[in-house]
2 protein chains.
Amino acid sequence: MTAIRVTYDVTLEQGETAAARARDIALEQTVELPEGRYPAAIGEQIVGRVESASPTERGRARLVIAYAPAIVSGNLLGLLNLVFGNISLKRGIRVVDVELPPDVLGAFRGPAFGIAGLRQLSGAPARPLLCGAAKPVGLSVPELAARCGQFAEAGVDFVKDDHSLADQPMARFDERVCRSLEAVAAANARSGGRTVYLPNLIPGDRDVFELAAIAADAGCEGVVLSPWLVGLDVTRRLAAEGRLVVFAHPTFSGALLGKAHGMAPDVLYGLVGRLAGCDAVIYPNAGGRFPFSEATCQAINRRLRAPLGALAPAMPVAGGGVAADSVAHWVELYGTDLTFLIGSSFYAADDPVAACHKVVEVVHRFT
Amino acid sequence: MTAIRVTYDVTLEQGETAAARARDIALEQTVELPEGRYPAAIGEQIVGRVESASPTERGRARLVIAYAPAIVSGNLLGLLNLVFGNISLKRGIRVVDVELPPDVLGAFRGPAFGIAGLRQLSGAPARPLLCGAAKPVGLSVPELAARCGQFAEAGVDFVKDDHSLADQPMARFDERVCRSLEAVAAANARSGGRTVYLPNLIPGDRDVFELAAIAADAGCEGVVLSPWLVGLDVTRRLAAEGRLVVFAHPTFSGALLGKAHGMAPDVLYGLVGRLAGCDAVIYPNAGGRFPFSEATCQAINRRLRAPLGALAPAMPVAGGGVAADSVAHWVELYGTDLTFLIGSSFYAADDPVAACHKVVEVVHRFT
């Protein structure tokens, strides 16, 4: 039988066996009924099948449960609900792997652009890409647009709105998009570059699709979205329109990454983000402001780039406090199919534009 | 100054002071820039203002940070991003309270029906309400519809689809809605009751609004939605249409409830759920299959019912393994402005309908 195979690392309760815990999860995530209180056919076809339940270190176990693809039927939220829906409300359960059979994978379109699409936009077939950020919230539209123009002139591939920029009275969305696009276009005209401006979309009075249409009509080629706020199916729908490159920001997702309870970062950002069609997935890099290890970041990179049915690879975007002078180091470690998102490190410099220009030179060395 | 006041309980790092940690959060959640690397006016108006930072027990501290309402500007996702966006990716930070000033609250419409609306639907001005569930996934439409009809005939106020029912080939959404409605209408006609059927909406080929329109056009008066899967702004939008009662299911939200890192359950379900306009908020009750304490459930009840600007109170729905024979006990503890969602406990009985009928009698005793 073809199956969705989920691997869980669990903390056992006092006196609980790995097999009992596995069976509890297999029931909770499917029929949500006590043992045997369902028709026999449902027990065979719908209840999760425990493939293995092995104690590991003291009090811990690794479980593999196979679920019927029919439960998901190509539905992304249905998949999340099956893998970690109700059991998210329990304790000591961590999703460390999700293996999808071809018939399930085939229902997902994945990134419309992906790594290849980003490279084409940037005219950079091989080197790492670089993204700057216009911030902070509170600045006026002319101030934010000027920052976009400056980073564009310094030669970044992308310049994005800060993920906190919505449609605040200090800098209204529509005007911000137009002025930032103009500033970047003017910089491109002066420098001969092709920087792409990415507005941030946070739905409010208008939904994501209305905001995206405004951006696309104004001439934007991509946007930043926060899937863990706006919803993964909304993200998937926008990506499936195929009109705009989608950069995914990880804000609000962090509590899902508990060491003992939650989902492994590579599954969350790498697999789920790619299934949702994100072309580029921002994560907090090791050595920055957030407690992500190098091994975790490598695992995210692998998931985004590895073969996955017919889905295009998505671009890993290392952010969250990447130091401008560490870029060459990370390229050696992570390879060149990588985008750097550098915000605070540029602003920490006395001359942010000069600091940016130096990193542009570094990434171009890998051409 | 009017402010959004957030209380965080944090675990301090080795050698870190409470004041330093508070300042780090205040910067990360607003300007996301190093100390001083922003215009002075932004430092005054936008950077979070630390109101207090007090060590509590060993290595822990309680912080109160005041944020400028202009950052949020009435945007629900903007509020979540401000309160716990980027810092969700750090460790040891728990949101225990969020206080909203009238100008922020005024931007939220809240529940269109709420407790009073549910009571009116059910014709039950004072007693606790009761909700049954048609499950499990894998059953055919006639089987699910028959279960709806049986619980309706037993006299529940609501009967809902299981939260795993989407648009699976085993029971297509459109047909399930029509047949379940018919079964409930027939039962109501026989019993003189007024049970309301609530289909579960999981977007896939069709979005939430299309599914909701199908349900409303067919004659449904309410639906079940999983805000932590479909997104809180999608939930808010649907609730704001004011056409359907919205029951919120907590699936996939549990990892946000970490004891050391995340959000307090009463803030998550009580405050955020109500801001999103949920009329009824399902949570896993104490003593059931999930590790929720009585104190936690009481806190959720309070948040849903307490005065909150002009927002209607929302109905607490105790679920997640409520034992049929414990209902009177919980009413004594929680009061009568409460709905019981009983699924597995009915199905565990040899005669689920008889078990349901007994609980109907119990809730009617509080009339």
# chains A, B, ... in the order shown; residues from 1 in each chain; ligands from 1
$ residues_around --residues "range 143-154 of chain A" --least-positions-apart "4" --cutoff "8 Å" --atoms "only C-alpha atoms" --output "PDB file with all heavy atoms, in the first residue's frame"
ATOM      1  N   GLY A 132      18.592  42.654   0.440  1.00  0.00           N
ATOM      2  CA  GLY A 132      18.625  43.663   1.501  1.00  0.00           C
ATOM      3  C   GLY A 132      17.216  43.905   2.023  1.00  0.00           C
ATOM      4  O   GLY A 132      16.248  43.358   1.491  1.00  0.00           O
ATOM      5  N   ALA A 133      17.093  44.739   3.047  1.00  0.00           N
ATOM      6  CA  ALA A 133      15.782  44.981   3.653  1.00  0.00           C
ATOM      7  C   ALA A 133      15.588  46.455   3.951  1.00  0.00           C
ATOM      8  O   ALA A 133      16.480  47.115   4.483  1.00  0.00           O
ATOM      9  CB  ALA A 133      15.632  44.171   4.939  1.00  0.00           C
ATOM     10  N   ALA A 134      14.398  46.976   3.607  1.00  0.00           N
ATOM     11  CA  ALA A 134      14.033  48.355   3.925  1.00  0.00           C
ATOM     12  C   ALA A 134      13.295  48.355   5.247  1.00  0.00           C
ATOM     13  O   ALA A 134      12.242  47.737   5.373  1.00  0.00           O
ATOM     14  CB  ALA A 134      13.159  48.929   2.819  1.00  0.00           C
ATOM     15  N   LYS A 135      13.854  49.017   6.241  1.00  0.00           N
ATOM     16  CA  LYS A 135      13.304  49.027   7.579  1.00  0.00           C
ATOM     17  C   LYS A 135      13.782  50.259   8.299  1.00  0.00           C
ATOM     18  O   LYS A 135      14.663  50.935   7.795  1.00  0.00           O
ATOM     19  CB  LYS A 135      13.702  47.748   8.325  1.00  0.00           C
ATOM     20  CG  LYS A 135      15.205  47.517   8.317  1.00  0.00           C
ATOM     21  CD  LYS A 135      15.747  46.228   8.861  1.00  0.00           C
ATOM     22  CE  LYS A 135      14.870  45.227   9.472  1.00  0.00           C
ATOM     23  NZ  LYS A 135      15.581  44.048   9.990  1.00  0.00           N
ATOM     24  N   LEU A 139       9.148  54.419   9.602  1.00  0.00           N
ATOM     25  CA  LEU A 139       9.636  55.356   8.595  1.00  0.00           C
ATOM     26  C   LEU A 139       8.505  55.708   7.636  1.00  0.00           C
ATOM     27  O   LEU A 139       7.545  54.963   7.477  1.00  0.00           O
ATOM     28  CB  LEU A 139      10.802  54.746   7.801  1.00  0.00           C
ATOM     29  CG  LEU A 139      12.127  54.518   8.547  1.00  0.00           C
ATOM     30  CD1 LEU A 139      13.189  53.998   7.572  1.00  0.00           C
ATOM     31  CD2 LEU A 139      12.625  55.799   9.216  1.00  0.00           C
ATOM     32  N   PHE A 158      17.814  41.373  -4.540  1.00  0.00           N
ATOM     33  CA  PHE A 158      16.460  41.653  -4.057  1.00  0.00           C
ATOM     34  C   PHE A 158      16.548  42.671  -2.930  1.00  0.00           C
ATOM     35  O   PHE A 158      17.521  42.680  -2.173  1.00  0.00           O
ATOM     36  CB  PHE A 158      15.798  40.385  -3.502  1.00  0.00           C
ATOM     37  CG  PHE A 158      15.689  39.278  -4.506  1.00  0.00           C
ATOM     38  CD1 PHE A 158      16.669  38.288  -4.587  1.00  0.00           C
ATOM     39  CD2 PHE A 158      14.624  39.222  -5.382  1.00  0.00           C
ATOM     40  CE1 PHE A 158      16.574  37.270  -5.523  1.00  0.00           C
ATOM     41  CE2 PHE A 158      14.523  38.206  -6.328  1.00  0.00           C
ATOM     42  CZ  PHE A 158      15.503  37.229  -6.401  1.00  0.00           C
ATOM     43  N   VAL A 159      15.534  43.508  -2.838  1.00  0.00           N
ATOM     44  CA  VAL A 159      15.391  44.309  -1.628  1.00  0.00           C
ATOM     45  C   VAL A 159      13.944  44.163  -1.176  1.00  0.00           C
ATOM     46  O   VAL A 159      13.003  44.318  -1.964  1.00  0.00           O
ATOM     47  CB  VAL A 159      15.819  45.781  -1.827  1.00  0.00           C
ATOM     48  CG1 VAL A 159      15.014  46.468  -2.929  1.00  0.00           C
ATOM     49  CG2 VAL A 159      15.701  46.549  -0.518  1.00  0.00           C
ATOM     50  N   LYS A 160      13.784  43.759   0.078  1.00  0.00           N
ATOM     51  CA  LYS A 160      12.444  43.452   0.575  1.00  0.00           C
ATOM     52  C   LYS A 160      12.007  44.454   1.631  1.00  0.00           C
ATOM     53  O   LYS A 160      12.833  45.010   2.367  1.00  0.00           O
ATOM     54  CB  LYS A 160      12.404  42.037   1.150  1.00  0.00           C
ATOM     55  CG  LYS A 160      13.234  41.861   2.428  1.00  0.00           C
ATOM     56  CD  LYS A 160      13.112  40.463   3.020  1.00  0.00           C
ATOM     57  CE  LYS A 160      12.115  40.373   4.159  1.00  0.00           C
ATOM     58  NZ  LYS A 160      12.417  41.190   5.343  1.00  0.00           N
ATOM     59  N   ARG A 176       3.701  52.923  -0.798  1.00  0.00           N
ATOM     60  CA  ARG A 176       5.018  52.342  -0.532  1.00  0.00           C
ATOM     61  C   ARG A 176       5.467  51.478  -1.714  1.00  0.00           C
ATOM     62  O   ARG A 176       6.619  51.551  -2.146  1.00  0.00           O
ATOM     63  CB  ARG A 176       4.951  51.502   0.745  1.00  0.00           C
ATOM     64  CG  ARG A 176       6.290  51.076   1.277  1.00  0.00           C
ATOM     65  CD  ARG A 176       6.137  50.347   2.604  1.00  0.00           C
ATOM     66  NE  ARG A 176       5.761  48.962   2.459  1.00  0.00           N
ATOM     67  CZ  ARG A 176       4.697  48.382   3.009  1.00  0.00           C
ATOM     68  NH1 ARG A 176       3.873  49.076   3.757  1.00  0.00           N
ATOM     69  NH2 ARG A 176       4.451  47.104   2.806  1.00  0.00           N
ATOM     70  N   ARG A 179       6.336  53.842  -4.767  1.00  0.00           N
ATOM     71  CA  ARG A 179       7.561  54.650  -4.592  1.00  0.00           C
ATOM     72  C   ARG A 179       8.799  53.756  -4.499  1.00  0.00           C
ATOM     73  O   ARG A 179       9.865  54.114  -4.998  1.00  0.00           O
ATOM     74  CB  ARG A 179       7.455  55.520  -3.336  1.00  0.00           C
ATOM     75  CG  ARG A 179       6.382  56.616  -3.367  1.00  0.00           C
ATOM     76  CD  ARG A 179       6.618  57.693  -4.417  1.00  0.00           C
ATOM     77  NE  ARG A 179       5.991  57.374  -5.704  1.00  0.00           N
ATOM     78  CZ  ARG A 179       4.679  57.485  -5.972  1.00  0.00           C
ATOM     79  NH1 ARG A 179       3.835  57.928  -5.070  1.00  0.00           N
ATOM     80  NH2 ARG A 179       4.214  57.157  -7.165  1.00  0.00           N
ATOM     81  N   SER A 180       8.650  52.591  -3.864  1.00  0.00           N
ATOM     82  CA  SER A 180       9.816  51.697  -3.730  1.00  0.00           C
ATOM     83  C   SER A 180      10.196  51.125  -5.090  1.00  0.00           C
ATOM     84  O   SER A 180      11.383  51.026  -5.435  1.00  0.00           O
ATOM     85  CB  SER A 180       9.514  50.576  -2.734  1.00  0.00           C
ATOM     86  OG  SER A 180       9.213  51.123  -1.462  1.00  0.00           O
ATOM     87  N   LEU A 181       9.183  50.755  -5.861  1.00  0.00           N
ATOM     88  CA  LEU A 181       9.438  50.252  -7.226  1.00  0.00           C
ATOM     89  C   LEU A 181      10.164  51.321  -8.054  1.00  0.00           C
ATOM     90  O   LEU A 181      11.135  51.017  -8.760  1.00  0.00           O
ATOM     91  CB  LEU A 181       8.115  49.916  -7.917  1.00  0.00           C
ATOM     92  CG  LEU A 181       7.598  48.490  -7.814  1.00  0.00           C
ATOM     93  CD1 LEU A 181       6.221  48.412  -8.456  1.00  0.00           C
ATOM     94  CD2 LEU A 181       8.546  47.480  -8.461  1.00  0.00           C
ATOM     95  N   ALA A 183      11.975  53.824  -7.005  1.00  0.00           N
ATOM     96  CA  ALA A 183      13.342  54.046  -6.505  1.00  0.00           C
ATOM     97  C   ALA A 183      14.276  52.953  -7.003  1.00  0.00           C
ATOM     98  O   ALA A 183      15.423  53.222  -7.386  1.00  0.00           O
ATOM     99  CB  ALA A 183      13.331  54.108  -4.978  1.00  0.00           C
ATOM    100  N   VAL A 184      13.764  51.721  -7.004  1.00  0.00           N
ATOM    101  CA  VAL A 184      14.600  50.594  -7.445  1.00  0.00           C
ATOM    102  C   VAL A 184      14.821  50.666  -8.965  1.00  0.00           C
ATOM    103  O   VAL A 184      15.934  50.429  -9.451  1.00  0.00           O
ATOM    104  CB  VAL A 184      13.965  49.251  -7.010  1.00  0.00           C
ATOM    105  CG1 VAL A 184      14.652  48.071  -7.682  1.00  0.00           C
ATOM    106  CG2 VAL A 184      14.035  49.106  -5.486  1.00  0.00           C
ATOM    107  N   ALA A 185      13.773  51.031  -9.698  1.00  0.00           N
ATOM    108  CA  ALA A 185      13.909  51.148 -11.156  1.00  0.00           C
ATOM    109  C   ALA A 185      14.924  52.237 -11.512  1.00  0.00           C
ATOM    110  O   ALA A 185      15.759  52.062 -12.420  1.00  0.00           O
ATOM    111  CB  ALA A 185      12.558  51.456 -11.793  1.00  0.00           C
ATOM    112  N   ALA A 186      14.867  53.348 -10.789  1.00  0.00           N
ATOM    113  CA  ALA A 186      15.815  54.443 -11.054  1.00  0.00           C
ATOM    114  C   ALA A 186      17.237  53.987 -10.754  1.00  0.00           C
ATOM    115  O   ALA A 186      18.178  54.274 -11.519  1.00  0.00           O
ATOM    116  CB  ALA A 186      15.445  55.664 -10.215  1.00  0.00           C
ATOM    117  N   ALA A 187      17.404  53.254  -9.653  1.00  0.00           N
ATOM    118  CA  ALA A 187      18.737  52.754  -9.292  1.00  0.00           C
ATOM    119  C   ALA A 187      19.231  51.773 -10.346  1.00  0.00           C
ATOM    120  O   ALA A 187      20.396  51.829 -10.773  1.00  0.00           O
ATOM    121  CB  ALA A 187      18.695  52.090  -7.920  1.00  0.00           C
ATOM    122  N   ASN A 188      18.341  50.895 -10.790  1.00  0.00           N
ATOM    123  CA  ASN A 188      18.723  49.930 -11.830  1.00  0.00           C
ATOM    124  C   ASN A 188      19.158  50.646 -13.102  1.00  0.00           C
ATOM    125  O   ASN A 188      20.118  50.251 -13.766  1.00  0.00           O
ATOM    126  CB  ASN A 188      17.548  48.984 -12.151  1.00  0.00           C
ATOM    127  CG  ASN A 188      17.375  47.902 -11.090  1.00  0.00           C
ATOM    128  OD1 ASN A 188      18.303  47.614 -10.325  1.00  0.00           O
ATOM    129  ND2 ASN A 188      16.193  47.303 -11.049  1.00  0.00           N
ATOM    130  N   ARG A 190      20.440  53.609 -13.365  1.00  0.00           N
ATOM    131  CA  ARG A 190      21.768  54.217 -13.164  1.00  0.00           C
ATOM    132  C   ARG A 190      22.879  53.178 -13.162  1.00  0.00           C
ATOM    133  O   ARG A 190      23.952  53.386 -13.723  1.00  0.00           O
ATOM    134  CB  ARG A 190      21.807  54.968 -11.819  1.00  0.00           C
ATOM    135  CG  ARG A 190      21.085  56.311 -11.821  1.00  0.00           C
ATOM    136  CD  ARG A 190      21.415  57.117 -10.570  1.00  0.00           C
ATOM    137  NE  ARG A 190      20.948  56.474  -9.340  1.00  0.00           N
ATOM    138  CZ  ARG A 190      19.714  56.609  -8.839  1.00  0.00           C
ATOM    139  NH1 ARG A 190      18.818  57.366  -9.468  1.00  0.00           N
ATOM    140  NH2 ARG A 190      19.369  56.012  -7.723  1.00  0.00           N
ATOM    141  N   SER A 191      22.606  52.013 -12.516  1.00  0.00           N
ATOM    142  CA  SER A 191      23.698  51.047 -12.288  1.00  0.00           C
ATOM    143  C   SER A 191      23.764  49.971 -13.365  1.00  0.00           C
ATOM    144  O   SER A 191      24.740  49.225 -13.443  1.00  0.00           O
ATOM    145  CB  SER A 191      23.491  50.364 -10.936  1.00  0.00           C
ATOM    146  OG  SER A 191      22.327  49.534 -10.996  1.00  0.00           O
ATOM    147  N   GLY A 193      21.866  47.494 -13.176  1.00  0.00           N
ATOM    148  CA  GLY A 193      21.541  46.276 -12.420  1.00  0.00           C
ATOM    149  C   GLY A 193      20.103  45.824 -12.645  1.00  0.00           C
ATOM    150  O   GLY A 193      19.369  46.415 -13.447  1.00  0.00           O
ATOM    151  N   THR A 195      17.942  44.727  -9.778  1.00  0.00           N
ATOM    152  CA  THR A 195      17.391  44.466  -8.444  1.00  0.00           C
ATOM    153  C   THR A 195      15.873  44.341  -8.510  1.00  0.00           C
ATOM    154  O   THR A 195      15.215  45.115  -9.205  1.00  0.00           O
ATOM    155  CB  THR A 195      17.766  45.610  -7.484  1.00  0.00           C
ATOM    156  OG1 THR A 195      19.183  45.738  -7.466  1.00  0.00           O
ATOM    157  CG2 THR A 195      17.257  45.338  -6.073  1.00  0.00           C
ATOM    158  N   TYR A 197      12.376  44.407  -6.312  1.00  0.00           N
ATOM    159  CA  TYR A 197      11.778  44.862  -5.046  1.00  0.00           C
ATOM    160  C   TYR A 197      10.646  43.921  -4.636  1.00  0.00           C
ATOM    161  O   TYR A 197       9.803  43.552  -5.454  1.00  0.00           O
ATOM    162  CB  TYR A 197      11.254  46.293  -5.201  1.00  0.00           C
ATOM    163  CG  TYR A 197      10.266  46.707  -4.136  1.00  0.00           C
ATOM    164  CD1 TYR A 197      10.668  46.850  -2.804  1.00  0.00           C
ATOM    165  CD2 TYR A 197       8.929  46.952  -4.458  1.00  0.00           C
ATOM    166  CE1 TYR A 197       9.753  47.215  -1.823  1.00  0.00           C
ATOM    167  CE2 TYR A 197       8.016  47.327  -3.482  1.00  0.00           C
ATOM    168  CZ  TYR A 197       8.432  47.454  -2.166  1.00  0.00           C
ATOM    169  OH  TYR A 197       7.530  47.811  -1.198  1.00  0.00           O
ATOM    170  N   VAL A 353      25.278  51.376   3.069  1.00  0.00           N
ATOM    171  CA  VAL A 353      25.368  51.131   1.628  1.00  0.00           C
ATOM    172  C   VAL A 353      26.760  50.612   1.261  1.00  0.00           C
ATOM    173  O   VAL A 353      26.899  49.676   0.455  1.00  0.00           O
ATOM    174  CB  VAL A 353      25.014  52.415   0.844  1.00  0.00           C
ATOM    175  CG1 VAL A 353      25.183  52.206  -0.654  1.00  0.00           C
ATOM    176  CG2 VAL A 353      23.568  52.837   1.166  1.00  0.00           C
ATOM    177  N   ALA A 354      27.784  51.166   1.889  1.00  0.00           N
ATOM    178  CA  ALA A 354      29.140  50.669   1.642  1.00  0.00           C
ATOM    179  C   ALA A 354      29.272  49.226   2.127  1.00  0.00           C
ATOM    180  O   ALA A 354      29.881  48.382   1.452  1.00  0.00           O
ATOM    181  CB  ALA A 354      30.164  51.563   2.345  1.00  0.00           C
ATOM    182  N   CYS A 356      26.932  47.044   2.311  1.00  0.00           N
ATOM    183  CA  CYS A 356      26.192  46.225   1.340  1.00  0.00           C
ATOM    184  C   CYS A 356      27.028  45.999   0.091  1.00  0.00           C
ATOM    185  O   CYS A 356      27.121  44.876  -0.421  1.00  0.00           O
ATOM    186  CB  CYS A 356      24.870  46.927   1.012  1.00  0.00           C
ATOM    187  SG  CYS A 356      23.904  46.080  -0.250  1.00  0.00           S
ATOM    188  N   HIS A 357      27.637  47.065  -0.374  1.00  0.00           N
ATOM    189  CA  HIS A 357      28.428  46.967  -1.597  1.00  0.00           C
ATOM    190  C   HIS A 357      29.545  45.927  -1.456  1.00  0.00           C
ATOM    191  O   HIS A 357      29.823  45.167  -2.386  1.00  0.00           O
ATOM    192  CB  HIS A 357      29.006  48.340  -1.966  1.00  0.00           C
ATOM    193  CG  HIS A 357      29.522  48.386  -3.362  1.00  0.00           C
ATOM    194  ND1 HIS A 357      28.689  48.451  -4.459  1.00  0.00           N
ATOM    195  CD2 HIS A 357      30.782  48.306  -3.855  1.00  0.00           C
ATOM    196  CE1 HIS A 357      29.414  48.436  -5.564  1.00  0.00           C
ATOM    197  NE2 HIS A 357      30.695  48.350  -5.222  1.00  0.00           N
ATOM    198  N   VAL A 360      28.071  42.521  -1.886  1.00  0.00           N
ATOM    199  CA  VAL A 360      27.774  42.311  -3.310  1.00  0.00           C
ATOM    200  C   VAL A 360      29.035  41.793  -4.013  1.00  0.00           C
ATOM    201  O   VAL A 360      28.982  40.845  -4.804  1.00  0.00           O
ATOM    202  CB  VAL A 360      27.273  43.616  -3.973  1.00  0.00           C
ATOM    203  CG1 VAL A 360      27.227  43.477  -5.495  1.00  0.00           C
ATOM    204  CG2 VAL A 360      25.893  44.000  -3.427  1.00  0.00           C
TER     205      VAL A 360
END
$ interface_residues --of "chain A" --to "chain B" --cutoff "7 Å" --atoms "only C-alpha atoms" --output "PyMOL selection string"
chain A and resi 30-31+33-34+37+42+46+70-71+73+75+77+81+84-86+88-90+136-138+168+204+229-231+233+251-256+261-262+290-291+344+347-348
$ residues_around --residues "Ala212 in chain B" --least-positions-apart "5" --cutoff "12 Å" --atoms "only C-alpha atoms" --output "PyMOL selection string"
chain B and resi 173-174+177+198-203+206-207+217-225+234-235+237-239+241-246
$ residues_around --residues "Tyr8 in chain B" --least-positions-apart "6" --cutoff "7 Å" --atoms "only C-alpha atoms" --output "list of chain:residue names"
B:Arg62, B:Leu63, B:Val64, B:Ile93, B:Arg94, B:Val95, B:Val96
$ write_last_selection --atoms "all heavy atoms" --output "PDB file, in the first residue's frame"
ATOM      1  N   ARG B  62       9.635  38.444  34.834  1.00  0.00           N
ATOM      2  CA  ARG B  62       8.389  38.902  34.213  1.00  0.00           C
ATOM      3  C   ARG B  62       8.634  40.291  33.629  1.00  0.00           C
ATOM      4  O   ARG B  62       9.112  41.187  34.312  1.00  0.00           O
ATOM      5  CB  ARG B  62       7.263  38.932  35.246  1.00  0.00           C
ATOM      6  CG  ARG B  62       5.997  39.602  34.720  1.00  0.00           C
ATOM      7  CD  ARG B  62       4.764  39.184  35.455  1.00  0.00           C
ATOM      8  NE  ARG B  62       4.439  37.789  35.168  1.00  0.00           N
ATOM      9  CZ  ARG B  62       3.254  37.215  35.437  1.00  0.00           C
ATOM     10  NH1 ARG B  62       2.301  37.918  36.026  1.00  0.00           N
ATOM     11  NH2 ARG B  62       3.024  35.951  35.135  1.00  0.00           N
ATOM     12  N   LEU B  63       8.306  40.419  32.344  1.00  0.00           N
ATOM     13  CA  LEU B  63       8.544  41.672  31.638  1.00  0.00           C
ATOM     14  C   LEU B  63       7.220  42.245  31.156  1.00  0.00           C
ATOM     15  O   LEU B  63       6.351  41.500  30.697  1.00  0.00           O
ATOM     16  CB  LEU B  63       9.426  41.428  30.403  1.00  0.00           C
ATOM     17  CG  LEU B  63      10.598  40.444  30.546  1.00  0.00           C
ATOM     18  CD1 LEU B  63      11.272  40.228  29.188  1.00  0.00           C
ATOM     19  CD2 LEU B  63      11.599  40.969  31.559  1.00  0.00           C
ATOM     20  N   VAL B  64       7.099  43.549  31.233  1.00  0.00           N
ATOM     21  CA  VAL B  64       5.932  44.212  30.630  1.00  0.00           C
ATOM     22  C   VAL B  64       6.449  45.224  29.613  1.00  0.00           C
ATOM     23  O   VAL B  64       7.256  46.099  29.948  1.00  0.00           O
ATOM     24  CB  VAL B  64       5.048  44.909  31.680  1.00  0.00           C
ATOM     25  CG1 VAL B  64       3.870  45.610  31.009  1.00  0.00           C
ATOM     26  CG2 VAL B  64       4.559  43.898  32.719  1.00  0.00           C
ATOM     27  N   ILE B  93      10.445  32.371  26.004  1.00  0.00           N
ATOM     28  CA  ILE B  93       9.599  33.568  26.075  1.00  0.00           C
ATOM     29  C   ILE B  93       8.139  33.134  25.996  1.00  0.00           C
ATOM     30  O   ILE B  93       7.729  32.500  25.021  1.00  0.00           O
ATOM     31  CB  ILE B  93       9.886  34.544  24.913  1.00  0.00           C
ATOM     32  CG1 ILE B  93      11.372  34.922  24.869  1.00  0.00           C
ATOM     33  CG2 ILE B  93       9.007  35.790  25.034  1.00  0.00           C
ATOM     34  CD1 ILE B  93      11.770  35.739  23.645  1.00  0.00           C
ATOM     35  N   ARG B  94       7.373  33.476  27.009  1.00  0.00           N
ATOM     36  CA  ARG B  94       5.962  33.088  27.009  1.00  0.00           C
ATOM     37  C   ARG B  94       5.085  34.313  27.205  1.00  0.00           C
ATOM     38  O   ARG B  94       5.273  35.073  28.152  1.00  0.00           O
ATOM     39  CB  ARG B  94       5.722  32.083  28.138  1.00  0.00           C
ATOM     40  CG  ARG B  94       4.360  31.442  28.112  1.00  0.00           C
ATOM     41  CD  ARG B  94       4.358  30.208  29.000  1.00  0.00           C
ATOM     42  NE  ARG B  94       3.126  29.460  28.895  1.00  0.00           N
ATOM     43  CZ  ARG B  94       2.142  29.512  29.808  1.00  0.00           C
ATOM     44  NH1 ARG B  94       2.253  30.276  30.862  1.00  0.00           N
ATOM     45  NH2 ARG B  94       1.049  28.792  29.636  1.00  0.00           N
ATOM     46  N   VAL B  95       4.139  34.486  26.301  1.00  0.00           N
ATOM     47  CA  VAL B  95       3.181  35.599  26.387  1.00  0.00           C
ATOM     48  C   VAL B  95       2.104  35.198  27.386  1.00  0.00           C
ATOM     49  O   VAL B  95       1.380  34.232  27.151  1.00  0.00           O
ATOM     50  CB  VAL B  95       2.537  35.863  25.010  1.00  0.00           C
ATOM     51  CG1 VAL B  95       1.503  36.973  25.109  1.00  0.00           C
ATOM     52  CG2 VAL B  95       3.598  36.170  23.969  1.00  0.00           C
ATOM     53  N   VAL B  96       2.000  35.927  28.492  1.00  0.00           N
ATOM     54  CA  VAL B  96       0.993  35.562  29.487  1.00  0.00           C
ATOM     55  C   VAL B  96      -0.168  36.554  29.564  1.00  0.00           C
ATOM     56  O   VAL B  96      -1.207  36.243  30.137  1.00  0.00           O
ATOM     57  CB  VAL B  96       1.609  35.344  30.892  1.00  0.00           C
ATOM     58  CG1 VAL B  96       2.549  34.141  30.869  1.00  0.00           C
ATOM     59  CG2 VAL B  96       2.329  36.581  31.391  1.00  0.00           C
TER      60      VAL B  96
END
$ select_by_dssp --residues "range 6-237 of chain B" --states "alpha helix (DSSP H)" --output "PyMOL selection string"
chain B and resi 18-28+40-45+69-72+76-84+102-105+114-122+141-154+173-191+208-218+227-230+232-237
$ select_by_dssp --residues "range 323-357 of chain A" --states "strand (DSSP E or B)" --output "ChimeraX atom specification"
/A:339-342
$ write_last_selection --atoms "all heavy atoms" --output "short mmCIF file (atom, residue, chain, number, x, y, z; two decimals), in the first residue's frame"
data_model
loop_
_atom_site.label_atom_id
_atom_site.label_comp_id
_atom_site.auth_asym_id
_atom_site.auth_seq_id
_atom_site.Cartn_x
_atom_site.Cartn_y
_atom_site.Cartn_z
N THR A 339 20.53 32.20 -0.91
CA THR A 339 20.37 33.66 -0.90
C THR A 339 20.65 34.16 0.52
O THR A 339 20.23 33.51 1.49
CB THR A 339 18.95 34.05 -1.34
OG1 THR A 339 18.76 33.66 -2.70
CG2 THR A 339 18.71 35.56 -1.22
N PHE A 340 21.37 35.25 0.63
CA PHE A 340 21.58 35.86 1.93
C PHE A 340 20.61 37.01 2.11
O PHE A 340 20.51 37.87 1.22
CB PHE A 340 23.01 36.40 2.05
CG PHE A 340 24.04 35.29 2.11
CD1 PHE A 340 24.72 34.90 0.96
CD2 PHE A 340 24.29 34.63 3.30
CE1 PHE A 340 25.64 33.87 1.01
CE2 PHE A 340 25.21 33.59 3.36
CZ PHE A 340 25.89 33.20 2.21
N LEU A 341 19.92 37.00 3.23
CA LEU A 341 19.09 38.15 3.59
C LEU A 341 19.84 38.90 4.68
O LEU A 341 20.00 38.38 5.79
CB LEU A 341 17.74 37.67 4.11
CG LEU A 341 16.89 38.73 4.83
CD1 LEU A 341 16.61 39.92 3.93
CD2 LEU A 341 15.58 38.11 5.32
N ILE A 342 20.32 40.08 4.35
CA ILE A 342 21.08 40.84 5.34
C ILE A 342 20.34 42.14 5.63
O ILE A 342 20.12 42.96 4.74
CB ILE A 342 22.52 41.09 4.86
CG1 ILE A 342 23.20 39.73 4.60
CG2 ILE A 342 23.29 41.89 5.92
CD1 ILE A 342 24.68 39.79 4.37
#
